[in-house]
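Shown here: entry38.cif, mmCIF, C-alpha atoms.
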data_data
#
loop_
_atom_site.label_atom_id
_atom_site.label_comp_id
_atom_site.auth_asym_id
_atom_site.auth_seq_id
_atom_site.Cartn_x
_atom_site.Cartn_y
_atom_site.Cartn_z
CA GLN D 1 -132.19 -28.94 -3.68
CA PHE D 2 -132.32 -27.76 -0.10
CA THR D 3 -130.21 -24.81 0.92
CA PHE D 4 -129.75 -23.60 4.44
CA LYS D 5 -128.25 -20.31 5.48
CA SER D 6 -127.52 -19.90 9.17
CA GLU D 7 -127.50 -16.63 11.02
CA SER D 8 -123.69 -16.73 11.11
CA GLN D 9 -123.57 -17.10 7.32
CA LYS D 10 -126.03 -14.22 6.91
CA LEU D 11 -123.90 -12.04 9.19
CA LEU D 12 -120.75 -12.95 7.29
CA ASP D 13 -122.46 -12.02 4.00
CA LYS D 14 -123.58 -8.72 5.52
CA LEU D 15 -120.03 -8.05 6.70
CA LYS D 16 -118.72 -8.71 3.19
CA GLU D 17 -121.30 -6.31 1.72
CA GLU D 18 -120.43 -3.58 4.20
CA MET D 19 -116.71 -4.02 3.60
CA ALA D 20 -117.29 -3.80 -0.16
CA LYS D 21 -119.25 -0.54 0.31
CA GLU D 22 -116.32 0.87 2.26
CA SER D 23 -113.77 -0.49 -0.25
CA LEU D 24 -112.23 -2.70 2.42
CA GLU D 25 -113.01 -6.10 0.89
CA GLY D 26 -109.40 -6.77 -0.08
CA LEU D 27 -108.14 -6.03 3.40
CA LEU D 28 -109.49 -9.21 5.02
CA SER D 29 -110.53 -11.30 2.02
CA GLU D 30 -108.40 -14.31 2.96
CA ASP D 31 -109.61 -14.20 6.56
CA LEU D 32 -113.23 -14.00 5.40
CA LYS D 33 -112.74 -16.94 3.03
CA SER D 34 -111.21 -18.94 5.87
CA LEU D 35 -114.10 -18.06 8.18
CA GLN D 36 -116.63 -18.99 5.47
CA SER D 37 -114.91 -22.34 5.02
CA LYS D 38 -114.95 -23.03 8.76
CA ILE D 39 -118.65 -22.17 9.01
CA GLU D 40 -119.50 -24.47 6.08
CA THR D 41 -117.44 -27.31 7.56
CA GLU D 42 -119.11 -26.93 10.95
CA HIS D 43 -122.58 -26.95 9.38
CA ALA D 44 -121.79 -30.10 7.41
CA THR D 45 -120.49 -31.77 10.57
CA THR D 46 -123.58 -30.76 12.53
CA LEU D 47 -125.91 -32.08 9.81
CA ALA D 48 -124.03 -35.37 9.63
CA LYS D 49 -124.05 -35.73 13.40
CA ASN D 50 -127.81 -35.12 13.56
CA LYS D 51 -128.74 -37.05 10.40
CA GLU D 52 -130.82 -39.73 12.15
CA ARG D 53 -132.72 -37.15 14.19
CA ILE D 54 -133.43 -35.06 11.09
CA ILE D 55 -134.63 -38.11 9.15
CA ASN D 56 -136.87 -39.11 12.05
CA LEU D 57 -138.44 -35.63 12.19
CA ILE D 58 -139.00 -35.58 8.42
CA GLU D 59 -140.59 -39.05 8.49
CA LYS D 60 -142.97 -38.00 11.25
CA GLU D 61 -143.90 -34.83 9.38
CA ILE D 62 -144.60 -36.72 6.15
CA ILE D 63 -146.71 -39.31 7.95
CA THR D 64 -148.63 -36.61 9.81
CA ARG D 65 -149.39 -34.73 6.60
CA TYR D 66 -150.38 -37.86 4.72
CA TYR D 67 -152.37 -39.69 7.38
CA TYR D 68 -153.14 -36.75 9.70
CA GLN D 69 -153.40 -37.35 13.45
CA LYS D 70 -154.19 -41.07 13.13
CA GLY D 71 -151.01 -41.55 11.11
CA LYS D 72 -148.98 -39.66 13.67
CA THR D 73 -150.21 -41.92 16.45
CA CYS D 74 -149.63 -45.08 14.43
CA ALA D 75 -146.24 -43.83 13.33
CA ALA D 76 -145.14 -43.32 16.90
CA VAL D 77 -145.86 -46.98 17.57
CA ASN D 78 -144.76 -48.50 14.26
CA LEU D 79 -142.00 -46.22 12.97
CA SER D 80 -139.22 -48.69 13.69
CA ASN D 81 -141.12 -51.45 11.83
CA LEU D 82 -141.73 -49.09 8.91
CA ARG D 83 -138.03 -48.21 8.71
CA THR D 84 -137.10 -51.89 8.69
CA ARG D 85 -139.51 -52.62 5.83
CA ILE D 86 -138.30 -49.61 3.83
CA LYS D 87 -134.65 -50.60 4.23
CA LYS D 88 -135.39 -54.13 3.04
CA ASN D 89 -136.90 -52.78 -0.18
#

Could you write out this structure as structure tokens?
Amino acid sequence: QFTFKSESQKLLDKLKEEMAKESLEGLLSEDLKSLQSKIETEHATTLAKNKERIINLIEKEIITRYYYQKGKTCAAVNLSNLRTRIKKN
């Protein structure tokens, strides 16, 4: 499973840690939960919006690693045909 932690999520985690050290975690716990939820929702939306671009980049990377430079060149020309054949199967 792939997990991704953005800089904003890392900063929020750091803030939670610092607040716990200072015994302030209860003070803003609901606000922090709300902020965490908003960050997660925004990341999911961004991933969904860029799904095709991400898939395209992953396909190119796989082809490049498997077939090296020749595969990358061929893939640039034939990627749409390859996608069509894959979707049919």

Item checked: Evaluate the PyMOL selection byres ((chain D and resi 32) around 12) and report residues as a list in words -> Gln9, Leu11, Leu12, Asp13, Lys14, Leu15, Lys16, Glu17, Met19, Leu24, Glu25, Gly26, Leu27, Leu28, Ser29, Glu30, Asp31, Lys33, Ser34, Leu35, Gln36, Ser37, Lys38 and Ile39 of chain D

Item checked: For atom CA of D:Ala44 and atom CA of D:Phe4, the interatomic separation in Å (one decimal) -> 10.7 Å

Padding 8 Å on each side, edges along x, y and z: where is the centre of the box around the listed atoms of stretch 29-43 of chain D, and how long are its edges in Å to one decimal? Output it as AutoDock Vina command-line options.
--center_x -115.5 --center_y -19.3 --center_z 6.5 --size_x 30.2 --size_y 32.0 --size_z 24.9

Note to self: Please report the interatomic distance between atom CA of D:Ile58 and atom CA of D:Ser6 in Å with one decimal.
What the structure shows: 19.4 Å

Notebook entry, point to check: What is the distance, in Å and to one decimal place, between atom CA of D:Lys21 and atom CA of D:Ser8?
Noted result: 20.0 Å
